[in-house]
Amino acid sequence: MSIQVRDLNKSFGQFKALDNVSLQFNSGELVALLGPSGCGKTTLLRIIAGLEFADSGAVLFSGRDATATHVRERSVGFVFQHYALFRHMSVYDNVAFGLTVRPRRNRPDKQEIAERVHKLLELVQLDWLADRYPDQLSGGQRQRIALARALAVEPRVLLLDEPFGALDARVRKDLRSWLRRLHDELHVTSIFVTHDQEEAMEVADRIVVINRGRIEQVGTPREIYNAPATPFVYGFIGDANRLSGRAAGGWAELAGLRVPAPDFAQSEPRAVTGYIRPHDIELSGGGEGDGLAARVESVAQVGASLRVSVRSPEQAQSLQVELPHSGGQWPFEVGDAVRARPRAARVFADAPV
Amino acid sequence: MSDSGVANAVAPAFTAAAVSRRAVGEGAWLRWALTGLALLFLAVFLVVPLVLVFREAFSKGWDVYLAALTEPDAWHAIKLTLIAAAIAVPLNVIFGIAAAWGISKFRFRGKQVLITLIDLPFAVSPVIAGLIYVLVFGSRGWLGPWLEAHDLSIIYAVPGIVLATIFVTFPFVARELIPLMQEQGVSHEEAALTLGASGWQTFRRVTLPSIKWGLLYGVILCNARAMGEFGAVSVVSGHIRGKTNTLPLHVEILYNEYQFAAAFAVASLLALLAVVTLVAKSALEFKHQRDRERSARAATRQEEL
């Protein structure tokens, strides 16, 4: 089922949680709502679920207006950040809950419920825990039971609020790829909220980056990383050197680095801020050639790459450079003279003060 | 070299243990003194009076005791007390759950004011509580003339007693539930709603089971107070024997008439109620505690696996 939200606005007192948000979620897609805490992503998810109501705007399910539909009738599966499993019920009863509360005429009989619950527990690979209580499960197990419970009602859309937020790092990684595989199996339209860019990059088909109640960018993980649309996205996704400078005539001068800036063809110089990914800077040894003359301040090896920090004597700010690396020999040592050349950069005009 | 290192590391630990043992050791006599004082206090002010109540009640033998309880006025007082509690407790359960639900699950203005108001019966002297009702429903009160014109009596009648009892007991259930429900938050209810449960199903199958211990505890305390209330009920009752006397009022009348054995016999009934209430309360706490510990143990076992 596809979901559309149109011109959503929501305020809590003075605080504007959503500011004119319009989005389209395609059928069968897995979309991440990504942003810093307090950016409105959870509010958006809760409005889609019907747990919260927008001040203005509309929510459409498969093109039909669902804005006034009660949460009961929306048939959404919602997975809560802290699972919200019913503590006084066994795992089995938790998963069966959505089926047993149905009106008698379309409630499956006991045997059918049992079959469906066990099938779901198998799907989340926890069939052996049916008789346990939520208190007796680990965090990762609880999360999977919460997912099975949400899937039991055969929701048309699955909404997950920070699904891995409360788990430790290793379990989180496992569950991430497991969720992706599960989604590929079920193909139910899913939206999940996260503040973890790596999680969004790894799991989602598309990412919606939200900041201060506004949408900054919508795109595939690749587009978001390679072509961030706004300074915020540049800063939020991946690492970047943030350099201020001036631009004119199609070129920008950023802390001694000259980069093309086709958006700034005017002759009058303007104050700009440029973003350069650490792996988009080339280093060459020696004092000759073009590029910014600098000295190596520090070198550290992190996995298969070298993190080099270089600084030009005329500049206050040092540049972070990331180089692919293998073998034991480092091409640069601290104190070496190098030349830094940007391969790619993105320049944004500074907001007029 | 390494040996001496270990020895050095161990030595301070020993010293620390010794110091802490000495600190406790010096406090031993103090501990006993404090415990003894508390026990003495309890004995003088609680246990001895309680024993005396029963001794006085049986001072003239079993027959007098039974006669005092089965005599029509006493029997009527017992019934009236049970009726008042039977009306006040369920109403306060409904009110308490509704108030706690509203306060813990919704955001609204004046929430603090409401919480303070719920505490009012605790803060106000019961006599004042009774007088409030006399002022409103009494023959010279606001609604008095209207009630008289329609031949309804509230003050000096059973409705007044029930009203006063409700007033003095209404914080018990709400007070017990508000912190509990605030701590639990709303996500369980929201989860139930997204799974298609109706409001009533959500309440019965999700909310109620998660507050049942707190609720039972509140009901027990509420019931004890409803049956034992003297001040407020005394003001509105009018002390009409065989008509508007509850157990505590009946005790007072008997006592004032120098029928000590009878007075203590009836009082022993109330004392018994108090003992039963305390036992029930402790049993509940014990069971609740044991449930929690059991699930905590199971969780640790799970972690170890």
# chains A, B, ... in the order shown; residues from 1 in each chain; ligands from 1
>>> residues_around(residues="Ser234 in chain B", least_positions_apart="5", cutoff="12 Å", atoms="only C-alpha atoms", output="compact mmCIF listing (two decimals) with all heavy atoms, in the first residue's frame")
# COMPACT_ATOMS: atom_id res chain seq x y z
N PRO B 126 -11.86 15.68 59.13
CA PRO B 126 -13.11 15.02 58.78
C PRO B 126 -14.34 15.78 59.29
O PRO B 126 -15.39 15.75 58.66
CB PRO B 126 -12.99 13.66 59.46
CG PRO B 126 -11.54 13.44 59.61
CD PRO B 126 -10.92 14.77 59.79
N VAL B 127 -14.20 16.46 60.42
CA VAL B 127 -15.33 17.20 60.96
C VAL B 127 -15.76 18.29 59.97
O VAL B 127 -16.94 18.50 59.70
CB VAL B 127 -14.96 17.83 62.32
CG1 VAL B 127 -16.12 18.68 62.84
CG2 VAL B 127 -14.61 16.75 63.30
N ILE B 128 -14.75 18.96 59.39
CA ILE B 128 -15.04 19.99 58.39
C ILE B 128 -15.77 19.35 57.20
O ILE B 128 -16.74 19.91 56.67
CB ILE B 128 -13.74 20.65 57.88
CG1 ILE B 128 -12.85 21.08 59.04
CG2 ILE B 128 -14.04 21.79 56.94
CD1 ILE B 128 -13.23 22.34 59.71
N ALA B 129 -15.29 18.16 56.80
CA ALA B 129 -15.91 17.47 55.68
C ALA B 129 -17.39 17.25 55.97
O ALA B 129 -18.24 17.47 55.10
CB ALA B 129 -15.20 16.14 55.45
N GLY B 130 -17.69 16.82 57.20
CA GLY B 130 -19.09 16.60 57.55
C GLY B 130 -19.87 17.91 57.52
O GLY B 130 -20.98 17.98 56.98
N LEU B 131 -19.26 18.97 58.05
CA LEU B 131 -19.95 20.27 58.10
C LEU B 131 -20.26 20.79 56.70
O LEU B 131 -21.29 21.41 56.48
CB LEU B 131 -19.08 21.27 58.86
CG LEU B 131 -19.16 21.16 60.38
CD1 LEU B 131 -18.19 22.12 61.04
CD2 LEU B 131 -20.58 21.45 60.85
N TYR B 133 -21.15 19.13 54.17
CA TYR B 133 -22.39 18.54 53.69
C TYR B 133 -23.61 19.09 54.42
O TYR B 133 -24.67 19.26 53.83
CB TYR B 133 -22.33 17.00 53.82
CG TYR B 133 -21.45 16.42 52.75
CD1 TYR B 133 -20.17 15.97 53.01
CD2 TYR B 133 -21.92 16.35 51.43
CE1 TYR B 133 -19.37 15.47 52.02
CE2 TYR B 133 -21.12 15.86 50.43
CZ TYR B 133 -19.84 15.41 50.73
OH TYR B 133 -19.05 14.93 49.73
N VAL B 134 -23.42 19.38 55.72
CA VAL B 134 -24.53 20.00 56.46
C VAL B 134 -24.86 21.35 55.84
O VAL B 134 -26.02 21.71 55.66
CB VAL B 134 -24.18 20.14 57.96
CG1 VAL B 134 -25.25 20.94 58.68
CG2 VAL B 134 -24.03 18.77 58.59
N ILE B 155 -29.11 14.83 55.02
CA ILE B 155 -28.47 14.96 56.33
C ILE B 155 -29.33 14.24 57.38
O ILE B 155 -30.56 14.23 57.29
CB ILE B 155 -28.32 16.45 56.68
CG1 ILE B 155 -27.49 17.14 55.62
CG2 ILE B 155 -27.69 16.64 58.06
CD1 ILE B 155 -26.11 16.54 55.40
N TYR B 156 -28.66 13.63 58.36
CA TYR B 156 -29.31 12.81 59.38
C TYR B 156 -30.02 11.62 58.75
O TYR B 156 -31.04 11.17 59.23
CB TYR B 156 -30.30 13.63 60.23
CG TYR B 156 -29.68 14.88 60.78
CD1 TYR B 156 -30.33 16.10 60.74
CD2 TYR B 156 -28.40 14.83 61.32
CE1 TYR B 156 -29.74 17.25 61.22
CE2 TYR B 156 -27.79 15.97 61.81
CZ TYR B 156 -28.46 17.18 61.75
OH TYR B 156 -27.86 18.32 62.21
N ALA B 157 -29.48 11.15 57.63
CA ALA B 157 -30.06 9.98 56.97
C ALA B 157 -28.93 9.21 56.28
O ALA B 157 -27.78 9.68 56.23
CB ALA B 157 -31.12 10.39 55.95
N VAL B 158 -29.27 8.07 55.75
CA VAL B 158 -28.25 7.21 55.14
C VAL B 158 -27.50 7.90 53.99
O VAL B 158 -26.27 7.80 53.91
CB VAL B 158 -28.89 5.88 54.67
CG1 VAL B 158 -27.86 5.02 53.97
CG2 VAL B 158 -29.48 5.16 55.86
N GLY B 160 -26.56 10.91 53.54
CA GLY B 160 -25.54 11.80 54.07
C GLY B 160 -24.32 11.02 54.55
O GLY B 160 -23.17 11.42 54.33
N ILE B 161 -24.60 9.89 55.23
CA ILE B 161 -23.50 9.06 55.72
C ILE B 161 -22.66 8.54 54.56
O ILE B 161 -21.42 8.57 54.58
CB ILE B 161 -24.06 7.89 56.55
CG1 ILE B 161 -24.67 8.47 57.83
CG2 ILE B 161 -22.98 6.87 56.85
CD1 ILE B 161 -25.47 7.48 58.60
N VAL B 162 -23.37 8.09 53.51
CA VAL B 162 -22.65 7.57 52.35
C VAL B 162 -21.82 8.68 51.71
O VAL B 162 -20.64 8.49 51.38
CB VAL B 162 -23.65 6.97 51.33
CG1 VAL B 162 -22.94 6.59 50.05
CG2 VAL B 162 -24.34 5.77 51.94
N ALA B 164 -20.59 11.43 53.07
CA ALA B 164 -19.44 11.77 53.91
C ALA B 164 -18.35 10.70 53.79
O ALA B 164 -17.16 11.01 53.73
CB ALA B 164 -19.88 11.93 55.36
N THR B 165 -18.79 9.45 53.75
CA THR B 165 -17.81 8.36 53.63
C THR B 165 -17.06 8.44 52.30
O THR B 165 -15.85 8.28 52.24
CB THR B 165 -18.53 7.00 53.73
OG1 THR B 165 -19.32 7.00 54.91
CG2 THR B 165 -17.52 5.87 53.79
N GLY B 228 -14.24 2.55 59.12
CA GLY B 228 -13.78 3.10 60.40
C GLY B 228 -14.05 4.58 60.58
O GLY B 228 -13.85 5.11 61.67
N GLU B 229 -14.50 5.26 59.54
CA GLU B 229 -14.63 6.72 59.62
C GLU B 229 -15.57 7.15 60.75
O GLU B 229 -16.69 6.66 60.87
CB GLU B 229 -15.12 7.26 58.27
CG GLU B 229 -15.41 8.75 58.26
CD GLU B 229 -14.23 9.60 58.70
OE1 GLU B 229 -13.08 9.15 58.59
OE2 GLU B 229 -14.45 10.73 59.19
N HIS B 239 -26.90 10.58 64.87
CA HIS B 239 -26.87 9.56 65.94
C HIS B 239 -28.22 8.98 66.26
O HIS B 239 -28.59 8.84 67.41
CB HIS B 239 -26.24 10.14 67.22
CG HIS B 239 -24.88 10.71 66.99
ND1 HIS B 239 -23.73 9.99 67.16
CD2 HIS B 239 -24.48 11.93 66.57
CE1 HIS B 239 -22.69 10.75 66.88
NE2 HIS B 239 -23.12 11.92 66.51
N ILE B 240 -29.01 8.68 65.31
CA ILE B 240 -30.31 8.07 65.58
C ILE B 240 -30.11 6.56 65.66
O ILE B 240 -29.78 5.91 64.67
CB ILE B 240 -31.34 8.41 64.48
CG1 ILE B 240 -31.39 9.93 64.29
CG2 ILE B 240 -32.72 7.87 64.88
CD1 ILE B 240 -32.10 10.34 63.02
N THR B 244 -29.37 5.71 61.93
CA THR B 244 -28.23 6.37 61.26
C THR B 244 -26.94 6.16 62.04
O THR B 244 -26.03 6.97 61.96
CB THR B 244 -28.49 7.88 61.10
OG1 THR B 244 -28.61 8.44 62.40
CG2 THR B 244 -29.72 8.14 60.29
N ASN B 245 -26.84 5.08 62.76
CA ASN B 245 -25.60 4.81 63.48
C ASN B 245 -24.73 3.81 62.74
O ASN B 245 -25.20 2.73 62.39
CB ASN B 245 -25.91 4.25 64.86
CG ASN B 245 -25.78 5.32 65.91
OD1 ASN B 245 -25.34 6.42 65.62
ND2 ASN B 245 -26.16 5.00 67.13
N THR B 246 -23.49 4.19 62.54
CA THR B 246 -22.55 3.21 61.99
C THR B 246 -21.79 2.60 63.16
O THR B 246 -21.96 3.02 64.30
CB THR B 246 -21.54 3.89 61.04
OG1 THR B 246 -20.83 4.86 61.78
CG2 THR B 246 -22.25 4.53 59.87
N LEU B 247 -20.95 1.63 62.88
CA LEU B 247 -20.23 0.95 63.96
C LEU B 247 -19.44 1.90 64.86
O LEU B 247 -19.59 1.85 66.08
CB LEU B 247 -19.30 -0.13 63.39
CG LEU B 247 -19.95 -1.49 63.09
CD1 LEU B 247 -18.90 -2.44 62.54
CD2 LEU B 247 -20.57 -2.08 64.36
N PRO B 248 -18.60 2.78 64.30
CA PRO B 248 -17.83 3.65 65.19
C PRO B 248 -18.73 4.53 66.04
O PRO B 248 -18.44 4.77 67.22
CB PRO B 248 -17.01 4.51 64.20
CG PRO B 248 -16.96 3.71 62.97
CD PRO B 248 -18.23 2.95 62.89
N LEU B 249 -19.85 5.00 65.47
CA LEU B 249 -20.76 5.85 66.24
C LEU B 249 -21.45 5.04 67.34
O LEU B 249 -21.66 5.53 68.44
CB LEU B 249 -21.82 6.46 65.32
CG LEU B 249 -21.30 7.33 64.17
CD1 LEU B 249 -22.47 7.93 63.40
CD2 LEU B 249 -20.41 8.44 64.70
N HIS B 250 -21.76 3.81 67.02
CA HIS B 250 -22.40 2.94 67.98
C HIS B 250 -21.47 2.69 69.17
O HIS B 250 -21.92 2.68 70.33
CB HIS B 250 -22.78 1.63 67.29
CG HIS B 250 -23.66 0.75 68.13
ND1 HIS B 250 -24.92 1.14 68.54
CD2 HIS B 250 -23.47 -0.50 68.65
CE1 HIS B 250 -25.46 0.18 69.27
NE2 HIS B 250 -24.60 -0.83 69.35
N VAL B 251 -20.21 2.52 68.88
CA VAL B 251 -19.22 2.33 69.96
C VAL B 251 -19.25 3.52 70.89
O VAL B 251 -19.29 3.40 72.11
CB VAL B 251 -17.80 2.13 69.38
CG1 VAL B 251 -16.77 2.12 70.50
CG2 VAL B 251 -17.74 0.86 68.56
N GLU B 252 -19.26 4.71 70.29
CA GLU B 252 -19.22 5.92 71.12
C GLU B 252 -20.45 6.02 72.03
O GLU B 252 -20.34 6.32 73.21
CB GLU B 252 -19.14 7.15 70.22
CG GLU B 252 -18.74 8.39 70.99
CD GLU B 252 -19.35 9.67 70.43
OE1 GLU B 252 -20.29 9.58 69.61
OE2 GLU B 252 -18.90 10.75 70.84
N ILE B 253 -21.63 5.73 71.44
CA ILE B 253 -22.87 5.81 72.23
C ILE B 253 -22.82 4.84 73.40
O ILE B 253 -23.10 5.21 74.55
CB ILE B 253 -24.08 5.51 71.33
CG1 ILE B 253 -24.30 6.68 70.38
CG2 ILE B 253 -25.33 5.27 72.18
CD1 ILE B 253 -25.48 6.51 69.47
>>> interface_residues(of="chain A", to="chain B", cutoff="8 Å", atoms="only C-alpha atoms", output="PyMOL selection string")
chain A and resi 49+51+71-80+84-88+97-98+101-102+135-138+150+153
>>> residues_around(residues="His187 in chain A", least_positions_apart="6", cutoff="12 Å", atoms="only C-alpha atoms", output="PyMOL selection string")
chain A and resi 1-2+26-30+151+154-158+179-181+205
>>> write_last_selection(atoms="N, CA and C atoms", output="mmCIF file, in the first residue's frame")
data_model
loop_
_atom_site.group_PDB
_atom_site.id
_atom_site.type_symbol
_atom_site.label_atom_id
_atom_site.label_comp_id
_atom_site.auth_asym_id
_atom_site.auth_seq_id
_atom_site.Cartn_x
_atom_site.Cartn_y
_atom_site.Cartn_z
ATOM 1 N N MET A 1 0.828 -1.190 0.000
ATOM 2 C CA MET A 1 0.000 0.000 0.000
ATOM 3 C C MET A 1 0.868 1.248 0.000
ATOM 4 N N SER A 2 0.486 2.193 -0.800
ATOM 5 C CA SER A 2 1.264 3.435 -0.820
ATOM 6 C C SER A 2 0.692 4.418 0.204
ATOM 7 N N ASN A 26 6.116 4.724 -1.508
ATOM 8 C CA ASN A 26 5.585 3.790 -2.503
ATOM 9 C C ASN A 26 5.313 2.433 -1.880
ATOM 10 N N SER A 27 4.447 1.700 -2.561
ATOM 11 C CA SER A 27 4.054 0.389 -2.068
ATOM 12 C C SER A 27 5.256 -0.553 -2.016
ATOM 13 N N GLY A 28 5.417 -1.231 -0.912
ATOM 14 C CA GLY A 28 6.476 -2.219 -0.771
ATOM 15 C C GLY A 28 7.849 -1.664 -0.470
ATOM 16 N N GLU A 29 7.917 -0.367 -0.234
ATOM 17 C CA GLU A 29 9.209 0.280 -0.013
ATOM 18 C C GLU A 29 9.600 0.233 1.469
ATOM 19 N N LEU A 30 10.883 0.272 1.733
ATOM 20 C CA LEU A 30 11.375 0.413 3.106
ATOM 21 C C LEU A 30 12.062 1.765 3.204
ATOM 22 N N LEU A 151 2.954 -7.777 13.174
ATOM 23 C CA LEU A 151 2.671 -8.423 11.893
ATOM 24 C C LEU A 151 1.451 -9.339 11.975
ATOM 25 N N GLU A 154 -1.716 -8.610 10.149
ATOM 26 C CA GLU A 154 -1.509 -8.421 8.714
ATOM 27 C C GLU A 154 -1.679 -6.959 8.308
ATOM 28 N N PRO A 155 -0.806 -6.106 8.854
ATOM 29 C CA PRO A 155 -0.955 -4.679 8.604
ATOM 30 C C PRO A 155 -0.643 -4.342 7.151
ATOM 31 N N ARG A 156 -1.264 -3.254 6.702
ATOM 32 C CA ARG A 156 -0.988 -2.812 5.328
ATOM 33 C C ARG A 156 0.297 -2.013 5.284
ATOM 34 N N VAL A 157 0.716 -1.555 6.459
ATOM 35 C CA VAL A 157 1.946 -0.783 6.530
ATOM 36 C C VAL A 157 2.583 -1.031 7.897
ATOM 37 N N LEU A 158 3.902 -1.091 7.910
ATOM 38 C CA LEU A 158 4.624 -1.362 9.146
ATOM 39 C C LEU A 158 5.410 -0.107 9.536
ATOM 40 N N LEU A 179 16.224 -7.392 9.613
ATOM 41 C CA LEU A 179 15.032 -6.636 9.241
ATOM 42 C C LEU A 179 14.966 -6.454 7.732
ATOM 43 N N ARG A 180 16.142 -6.183 7.150
ATOM 44 C CA ARG A 180 16.184 -5.991 5.697
ATOM 45 C C ARG A 180 15.739 -7.267 4.975
ATOM 46 N N ARG A 181 16.249 -8.406 5.436
ATOM 47 C CA ARG A 181 15.880 -9.676 4.810
ATOM 48 C C ARG A 181 14.394 -9.960 4.985
ATOM 49 N N ASP A 205 15.526 1.548 1.483
ATOM 50 C CA ASP A 205 15.510 1.781 0.039
ATOM 51 C C ASP A 205 15.669 3.271 -0.241
#
>>> residues_around(residues="Ala351 in chain A", least_positions_apart="3", cutoff="10 Å", atoms="only C-alpha atoms", output="ChimeraX atom specification")
/A:271-273,348
>>> write_last_selection(atoms="C-alpha atoms", output="JSON list (two decimals), in the first residue's frame")
[["chain", "number", "residue", "atom", "x", "y", "z"],
["A", 271, "ALA", "CA", 30.48, 34.54, 1.13],
["A", 272, "VAL", "CA", 30.05, 30.78, 0.81],
["A", 273, "THR", "CA", 30.55, 27.57, 2.76],
["A", 348, "PHE", "CA", 26.50, 26.67, -0.68]]
>>> residues_around(residues="Ile215 in chain A", least_positions_apart="2", cutoff="10 Å", atoms="only C-alpha atoms", output="list of chain:residue names")
A:Leu18, A:Asp19, A:Asn20, A:Val21, A:Ser22, A:Leu23, A:Leu33, A:Leu34, A:Gly35, A:Cys39, A:Gly40, A:Lys41, A:Val208, A:Val209, A:Ile210, A:Asn211, A:Arg212, A:Gly213, A:Gln217, A:Val218
>>> residues_around(residues="Ser284 in chain A", least_positions_apart="2", cutoff="8 Å", atoms="only C-alpha atoms", output="count of residues only")
5
>>> residues_around(residues="Ala265 in chain A", least_positions_apart="5", cutoff="7 Å", atoms="only C-alpha atoms", output="tab-separated table (two decimals) with N, CA and C atoms, in the first residue's frame")
chain	number	residue	atom	x	y	z
A	248	ALA	N	33.18	33.45	-6.81
A	248	ALA	CA	32.85	34.37	-7.90
A	248	ALA	C	33.33	33.75	-9.20
A	249	GLY	N	32.68	34.08	-10.32
A	249	GLY	CA	33.12	33.65	-11.64
A	249	GLY	C	33.21	32.15	-11.80
A	250	GLY	N	32.36	31.41	-11.10
A	250	GLY	CA	32.33	29.97	-11.28
A	250	GLY	C	33.35	29.21	-10.46
>>> closest_atom_pairs(of="range 25-90 of chain B", to="range 265-275 of chain B", cutoff="8 Å", atoms="only C-alpha atoms", output="JSON lines")
{"residue": "B:Leu50", "atom": "CA", "partner": "B:Ala271", "partner_atom": "CA", "distance": 7.2}
{"residue": "B:Val53", "atom": "CA", "partner": "B:Ser268", "partner_atom": "CA", "distance": 6.1}
{"residue": "B:Phe54", "atom": "CA", "partner": "B:Ser268", "partner_atom": "CA", "distance": 5.9}
{"residue": "B:Glu56", "atom": "CA", "partner": "B:Ala265", "partner_atom": "CA", "distance": 7.6}
{"residue": "B:Ala57", "atom": "CA", "partner": "B:Ala265", "partner_atom": "CA", "distance": 4.2}
{"residue": "B:Phe58", "atom": "CA", "partner": "B:Ala265", "partner_atom": "CA", "distance": 7.2}
{"residue": "B:Tyr65", "atom": "CA", "partner": "B:Ala265", "partner_atom": "CA", "distance": 5.6}
{"residue": "B:Ala68", "atom": "CA", "partner": "B:Ala265", "partner_atom": "CA", "distance": 6.5}
{"residue": "B:Leu69", "atom": "CA", "partner": "B:Val266", "partner_atom": "CA", "distance": 6.3}
{"residue": "B:Ala74", "atom": "CA", "partner": "B:Val266", "partner_atom": "CA", "distance": 7.7}
>>> atom_distance(atom1="CA of Asp7 in chain A", atom2="CA of Ala32 in chain A")
19.3 Å
>>> select_by_dssp(residues="range 24-125 of chain A", states="helix (DSSP H, G or I)", output="PyMOL selection string")
chain A and resi 41-49+71-73+91-100+104-106+110-123
>>> closest_residue(among="B:Ile78, B:Ile166, B:Ala85, B:Val173", to="Ile97 in chain B", atoms="only C-alpha atoms")
B:Val173
>>> atom_distance(atom1="CA of Asn94 in chain A", atom2="CA of Trp178 in chain A")
21.3 Å
